[in-house]
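K.L.:
Below is one structure. I have some questions about it.
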Amino acid sequence: MGEPDLRKQAEASSVDDDFHVFDTTLRDGAQREGINLTVADKLTIARYLDDFGVGFIEGGWPGANPRDTEFFARAQQEITFEHAQLVAFGATRRPHSKASEDLQVKALLDSGAPVITLVAKSHDRHVELALRTTLDENLAMIADTVSYLRGHGRRVFVDCEHFFDGYRANPVYAKAVVRTTVEAGADVVILCDTNGGMLPAQVQAIVATVLADTGARLGIHAQDDTGCAVANTLAAVDAGATHVQCTANGYGERVGNANLFPVVAALELKYAKKVLPEGALAEMTRISHAIAEVVNVTASTHQPYVGVSAFAHKAGLHASAIKIDPDLYQHIDPQQVGNTMRMLVSDMAGRASIELKGKELGIDLGGDRELVGRVVRRVKERELAGYTYEAADASFELLLREETEGRARRYFRIESWRAIVEDRPDGTHANETTVKLWAKGERIVATADGNGPINALDRALRVGLESFYPELAKLELVDYKVRILEGEHSTESTTRVLISTSDSTGEWSTVGVADNIIAASWQALDDAYTYGLLRAGVEPAE
């Protein structure tokens with residue numbers, strides 16, 4: 001690959017160079033256990049990150065594996081970066097050699113990336129035991145590699161691996177690494193808490209001292225092994241760092257890296273630093289969830305700012321205050337980060353929770369204290385029996401509509417059901433369910449097989465009802481959870497079933513509780529079908 005148009009690529013970043021948001025999801029984040037990214041995955045995530053507006057996207061280590069080499073080749077051809085600059089990652093040259101003759105350094109140039117991040121040793125024990133060379137040779141390796149890449153027109157950042165541990169062991173040498181790096185022409189020296197063992201006060205003190213003693217432009221790379229990666233990153237910013245390295249959703253080796261989204265939200269909303277393009281912060285929740293889908297890791301519901309529970313309120317005391325002013329129990333407006341406030345209905349709910357949840361669902365309770373009180377009592381009674389409405393909004397909405405409209409929504413009525421599980425001599429199982437029900441004045445008997453009794457029940461209901469309600473053909477069960485509740489014996493305990501259903505335009509959850517799994521599943525399926533028909537605008541049959 002020929003020399004890239006570095007001027008044109010450098011102009012791609014629309015964010016002021018005074019402060020860097022550097023994303024390493026595609027390199028460091030991909031080291032998380034359970035994440036295996038294809039080249040197509042990496043290209044998709046790179047587009048999302050560019051849309052979000054980070055300044056730099058570290059794409060991987062070209063030359064270290066064919067996948068990363070292919071990614072850089074395809075990224076140059078397939079992605080027009082609007083905000084970010086693409087970064088290649090690699091190491092300094094080998095001991096007692098020349099950067100100009102090092103094949104791995106050549107691969108960094110061949111990647112075409114306008115920015116290169118080098119990892120360098122800054123802990124004296126790592127130099128002597130891992131690199132098996134002298135402290136002076138390590139400094140020579142850094143100087144030679146940085147100056148060589150700078151001579152080829154590349155912008156160079158240097159990750160000082162194990163810096164904080166190295167600084168505590170030998171501060172004179174750690175600072176010598178920083179000075180050598182700057183003198184060779186590196187733009188930023190990143191202090192790495194590689195083992196993730198530092199605490200915020202320690203990070204702030206060391207960053208402040210190194211900045212004062214060297215005058216270098218400093219960055220921070222924090223691992224989350226103490227649960228302090230975000231706090232350590234912000235502590236470094238407090239001490240003068242102007243470059244933060246993060247990963248989307250905190251992906252990374254072991255327990256992960258500093259999470260990009262809370263770091264950026266804090267910088268924009270708490271520090272008043274403009275680090276993203278106009279309007280990009282409001283896309284943060286969408287970007288977080290989209291990347292989670294690509295890496296095939298379920299998004300954390302309790303992730304700060306972007307989790308679905310980040311602005312969810314359960315306690316009645318909270319709801320009463322939020323009804324007056326949402327800011328009383330929220331540190332920001334959720335819409336600033338593209339999220340929404342949610343009211344959870346549970347046995348902790350009070351009148352305010354029910355009223356706010358009704359408003360959220362588009363049901364005006366009209367300040368009817370008797371109605372609201374009746375709903376509160378019913379919710380508490382049912383939660384005592386094992387139901388949970390905070391995870392089953394659709395079942396709660398049906399309950400609420402029943403109370404406000406004075407009747408239950410009925411599209412069909414069950415007469416009876418029977419499930420048969422046959423254990424065959426060859427070790428296989430047969431599951432057959434028969435349902436008897438009424439719909440639009442007609443009695444229906446339907447039988448179906450399935451790969452389990454619940455699947456057979458679902459199929460039997462569809463066989464019986466789809467001729468009356470063709471809208472049911474669009475429904476798909478996307479999740480099924482079973483919880484065994486308290487009881488004298490495990491086999492005699494109450495069972496709770498939660499079902500998630502989709503109609504391709506939305507998803508909803510329903511709950512059923514009974515003394516056996518099939519009966520509980522039937523309740524949840526009944527609510528799921530009823531809610532799906534309600535969403536489709538179908539009028540009840542009775």
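By convention in this document, the chains of the structure tokens carry letters A, B, ... by their order, each chain's residues are numbered from 1, and ligands are numbered from 1 in the order they are shown.
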Write out as a PyMOL selection string all residues of range 404-468 of chain A that backbone DSSP assigns to alpha helix (DSSP H).
P.N.:
chain A and resi 404-405+453-465
K.L.:
Need the shell around Arg462 in chain A: protein/DNA/RNA residues with any atom at most 8 Å away, counting only C-alpha atoms. Skip same-chain ones fewer than 4 positions apart. Format as a list in words?
P.N.:
Asp458, Glu466, Leu472 and Ala473 of chain A
K.L.:
May I have the residues from that selection written out with N, CA and C atoms, as a PDB file, in the first residue's frame?
P.N.:
```
ATOM      1  N   ASP A 458     -47.681 -23.110  22.602  1.00  0.00           N
ATOM      2  CA  ASP A 458     -47.663 -21.926  21.731  1.00  0.00           C
ATOM      3  C   ASP A 458     -48.167 -22.283  20.335  1.00  0.00           C
ATOM      4  N   GLU A 466     -55.075 -18.375  14.603  1.00  0.00           N
ATOM      5  CA  GLU A 466     -54.599 -17.545  13.497  1.00  0.00           C
ATOM      6  C   GLU A 466     -55.651 -17.350  12.409  1.00  0.00           C
ATOM      7  N   LEU A 472     -51.620 -12.595  14.547  1.00  0.00           N
ATOM      8  CA  LEU A 472     -50.762 -13.397  15.425  1.00  0.00           C
ATOM      9  C   LEU A 472     -49.588 -14.019  14.676  1.00  0.00           C
ATOM     10  N   ALA A 473     -49.702 -14.145  13.363  1.00  0.00           N
ATOM     11  CA  ALA A 473     -48.615 -14.739  12.580  1.00  0.00           C
ATOM     12  C   ALA A 473     -47.340 -13.905  12.658  1.00  0.00           C
TER      13      ALA A 473
END
```
K.L.:
Residues near range 210-213 of chain A, anyone? I mean within 10 Å using only C-alpha atoms, not counting same-chain ones fewer than 5 positions away, as a ChimeraX atom specification.
P.N.:
/A:167,171,174-175,178-179,191,205,218,239-241
K.L.:
Given the choices A:Thr233, A:Thr181, A:Thr25, A:Thr494, which gets closest to Met198 in chain A if the distance is worked out from only C-alpha atoms?
P.N.:
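Closest to Met198 in chain A of all the choices is A:Thr233.
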K.L.:
Kindly give the distance, in Å, that separates CA of Ile499 in chain A and CA of Asp527 in chain A, rounded to a single decimal.
P.N.:
9.4 Å
K.L.:
Within 10 Å of range 429-445 of chain A, counting only C-alpha atoms, which residues show up once you throw out same-chain ones fewer than 5 positions away? Write them as a PyMOL selection string, please.
P.N.:
chain A and resi 410-424+450-461+463-465+468-469+540-542
K.L.:
With only C-alpha atoms as the counted atoms, please give the residues lying no more than 7 Å from range 392-400 of chain A, apart from itself and same-chain residues fewer than 6 positions off, as number ranges by chain.
P.N.:
A: 375, 508-511, 527, 531
K.L.:
Just the selected residues (N, CA, C and O atoms), exported as a short mmCIF file (atom, residue, chain, number, x, y, z; two decimals), in the first residue's frame, please.
P.N.:
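Dumped to again.cif:
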```
data_model
loop_
_atom_site.label_atom_id
_atom_site.label_comp_id
_atom_site.auth_asym_id
_atom_site.auth_seq_id
_atom_site.Cartn_x
_atom_site.Cartn_y
_atom_site.Cartn_z
N VAL A 375 -55.60 0.15 41.93
CA VAL A 375 -54.49 -0.43 41.16
C VAL A 375 -53.31 -0.75 42.07
O VAL A 375 -52.69 -1.82 41.98
N TRP A 508 -42.27 -6.68 23.88
CA TRP A 508 -42.93 -6.49 25.16
C TRP A 508 -42.78 -7.75 26.00
O TRP A 508 -42.52 -8.83 25.48
N SER A 509 -42.97 -7.59 27.32
CA SER A 509 -42.79 -8.71 28.24
C SER A 509 -44.05 -8.93 29.05
O SER A 509 -44.73 -7.98 29.44
N THR A 510 -44.36 -10.20 29.32
CA THR A 510 -45.54 -10.58 30.08
C THR A 510 -45.15 -11.60 31.14
O THR A 510 -44.12 -12.27 31.03
N VAL A 511 -46.01 -11.74 32.16
CA VAL A 511 -45.68 -12.61 33.29
C VAL A 511 -46.85 -13.53 33.60
O VAL A 511 -48.02 -13.17 33.43
N ASP A 527 -51.38 -13.23 27.97
CA ASP A 527 -51.12 -11.79 27.99
C ASP A 527 -50.33 -11.35 26.76
O ASP A 527 -50.58 -10.27 26.20
N TYR A 531 -51.85 -8.65 24.28
CA TYR A 531 -51.17 -7.36 24.10
C TYR A 531 -50.77 -7.15 22.64
O TYR A 531 -50.86 -6.04 22.10
#
```
K.L.:
For CA of Cys160 in chain A and CA of Gln245 in chain A, quote the distance in Å rounded to one decimal.
P.N.:
12.6 Å
K.L.:
Leaving out Lys274 in chain A and any residue of its chain fewer than 5 positions from it, which residues lie within 12 Å of it when counting only C-alpha atoms, given as a VMD selection string?
P.N.:
chain A and resid 14 to 21 53 to 55 264 to 269 279 to 281
K.L.:
DSSP on the backbone, then: every residue of range 17-101 of chain A marked strand (DSSP E), written as a PyMOL selection string.
P.N.:
chain A and resi 20-23+56-60+85-91
K.L.:
Convert the current residue selection to file output with N, CA, C and O atoms, as a PDB file, in the first residue's frame.
P.N.:
```pdb
ATOM      1  N   HIS A  20      -8.311  14.699  23.405  1.00  0.00           N
ATOM      2  CA  HIS A  20      -8.554  13.506  22.584  1.00  0.00           C
ATOM      3  C   HIS A  20      -9.467  12.501  23.285  1.00  0.00           C
ATOM      4  O   HIS A  20      -9.235  12.140  24.445  1.00  0.00           O
ATOM      5  N   VAL A  21     -10.471  12.032  22.559  1.00  0.00           N
ATOM      6  CA  VAL A  21     -11.204  10.830  22.957  1.00  0.00           C
ATOM      7  C   VAL A  21     -10.748   9.732  22.003  1.00  0.00           C
ATOM      8  O   VAL A  21     -11.008   9.775  20.807  1.00  0.00           O
ATOM      9  N   PHE A  22     -10.057   8.765  22.562  1.00  0.00           N
ATOM     10  CA  PHE A  22      -9.381   7.713  21.800  1.00  0.00           C
ATOM     11  C   PHE A  22     -10.071   6.392  22.131  1.00  0.00           C
ATOM     12  O   PHE A  22     -10.087   5.961  23.281  1.00  0.00           O
ATOM     13  N   ASP A  23     -10.647   5.735  21.132  1.00  0.00           N
ATOM     14  CA  ASP A  23     -11.355   4.478  21.362  1.00  0.00           C
ATOM     15  C   ASP A  23     -10.504   3.291  20.924  1.00  0.00           C
ATOM     16  O   ASP A  23      -9.964   3.278  19.814  1.00  0.00           O
ATOM     17  N   PHE A  56     -10.324   9.312  17.647  1.00  0.00           N
ATOM     18  CA  PHE A  56      -9.400   8.291  17.162  1.00  0.00           C
ATOM     19  C   PHE A  56      -9.996   6.904  17.386  1.00  0.00           C
ATOM     20  O   PHE A  56     -10.581   6.636  18.434  1.00  0.00           O
ATOM     21  N   ILE A  57      -9.820   6.037  16.387  1.00  0.00           N
ATOM     22  CA  ILE A  57     -10.288   4.652  16.473  1.00  0.00           C
ATOM     23  C   ILE A  57      -9.098   3.737  16.240  1.00  0.00           C
ATOM     24  O   ILE A  57      -8.545   3.687  15.132  1.00  0.00           O
ATOM     25  N   GLU A  58      -8.688   3.027  17.281  1.00  0.00           N
ATOM     26  CA  GLU A  58      -7.570   2.094  17.166  1.00  0.00           C
ATOM     27  C   GLU A  58      -8.109   0.780  16.602  1.00  0.00           C
ATOM     28  O   GLU A  58      -8.887   0.085  17.252  1.00  0.00           O
ATOM     29  N   GLY A  59      -7.682   0.457  15.391  1.00  0.00           N
ATOM     30  CA  GLY A  59      -8.283  -0.659  14.673  1.00  0.00           C
ATOM     31  C   GLY A  59      -7.686  -2.015  14.943  1.00  0.00           C
ATOM     32  O   GLY A  59      -8.292  -3.033  14.602  1.00  0.00           O
ATOM     33  N   GLY A  60      -6.516  -2.078  15.539  1.00  0.00           N
ATOM     34  CA  GLY A  60      -5.883  -3.368  15.781  1.00  0.00           C
ATOM     35  C   GLY A  60      -4.393  -3.310  15.499  1.00  0.00           C
ATOM     36  O   GLY A  60      -3.804  -2.225  15.365  1.00  0.00           O
ATOM     37  N   GLN A  85      -9.959   9.584  13.208  1.00  0.00           N
ATOM     38  CA  GLN A  85      -8.778   9.155  12.470  1.00  0.00           C
ATOM     39  C   GLN A  85      -8.470   7.713  12.866  1.00  0.00           C
ATOM     40  O   GLN A  85      -8.590   7.345  14.036  1.00  0.00           O
ATOM     41  N   LEU A  86      -8.090   6.922  11.896  1.00  0.00           N
ATOM     42  CA  LEU A  86      -7.799   5.516  12.131  1.00  0.00           C
ATOM     43  C   LEU A  86      -6.389   5.371  12.696  1.00  0.00           C
ATOM     44  O   LEU A  86      -5.449   6.028  12.237  1.00  0.00           O
ATOM     45  N   VAL A  87      -6.255   4.504  13.694  1.00  0.00           N
ATOM     46  CA  VAL A  87      -4.988   4.319  14.398  1.00  0.00           C
ATOM     47  C   VAL A  87      -4.554   2.863  14.298  1.00  0.00           C
ATOM     48  O   VAL A  87      -5.352   1.947  14.531  1.00  0.00           O
ATOM     49  N   ALA A  88      -3.292   2.636  13.974  1.00  0.00           N
ATOM     50  CA  ALA A  88      -2.704   1.292  13.987  1.00  0.00           C
ATOM     51  C   ALA A  88      -1.880   1.133  15.257  1.00  0.00           C
ATOM     52  O   ALA A  88      -1.195   2.064  15.690  1.00  0.00           O
ATOM     53  N   PHE A  89      -1.941  -0.052  15.832  1.00  0.00           N
ATOM     54  CA  PHE A  89      -1.225  -0.336  17.080  1.00  0.00           C
ATOM     55  C   PHE A  89      -0.084  -1.308  16.812  1.00  0.00           C
ATOM     56  O   PHE A  89      -0.223  -2.247  16.032  1.00  0.00           O
ATOM     57  N   GLY A  90       1.041  -1.076  17.479  1.00  0.00           N
ATOM     58  CA  GLY A  90       2.174  -1.984  17.349  1.00  0.00           C
ATOM     59  C   GLY A  90       3.196  -1.728  18.437  1.00  0.00           C
ATOM     60  O   GLY A  90       2.989  -0.889  19.326  1.00  0.00           O
ATOM     61  N   ALA A  91       4.311  -2.420  18.348  1.00  0.00           N
ATOM     62  CA  ALA A  91       5.345  -2.323  19.378  1.00  0.00           C
ATOM     63  C   ALA A  91       6.574  -1.595  18.845  1.00  0.00           C
ATOM     64  O   ALA A  91       6.739  -1.407  17.635  1.00  0.00           O
TER      65      ALA A  91
END
```
K.L.:
Under the rule that only C-alpha atoms are counted, which of A:Met341, A:Ala236, A:Val230, A:Leu149 is the nearest residue to Ile190 in chain A?
P.N.:
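The answer is A:Ala236, which sits nearest to Ile190 in chain A.
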K.L.:
Within 12 Å of Asp159 in chain A, counting only C-alpha atoms, which residues qualify if same-chain residues fewer than 3 places away don't, as a ChimeraX atom specification?
P.N.:
/A:89-92,116-122,142,146,156,162-164,177-178,181,186-194,218-222,243-245
K.L.:
Which distance in Å separates CA of Val105 in chain A and CA of Glu78 in chain A, to one decimal?
P.N.:
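Between CA of Val105 in chain A and CA of Glu78 in chain A the gap is 24.2 Å.
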K.L.:
Please determine, counting only C-alpha atoms, which residue among A:Leu109, A:Val372, A:Ala258, A:Ala299 has the shortest atom-to-atom distance to Thr226 in chain A.
P.N.:
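The shortest atom-to-atom distance to Thr226 in chain A comes from A:Ala258.
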K.L.:
Closest to Thr340 in chain A among A:Ala290, A:Leu234, A:Ala282, A:Val538, using only C-alpha atoms?
P.N.:
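The closest residue to Thr340 in chain A is A:Ala282.
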K.L.:
Closest to Thr388 in chain A among A:Ile484, A:Gln336, A:Gly512, A:Leu361, using only C-alpha atoms?
P.N.:
A:Gly512
K.L.:
Choose the residue, out of A:Leu103, A:Leu43, A:Val203, A:Leu49, that has the smallest atom-to-atom separation from Ala64 in chain A; count only C-alpha atoms.
P.N.:
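Closest candidate: A:Leu103.
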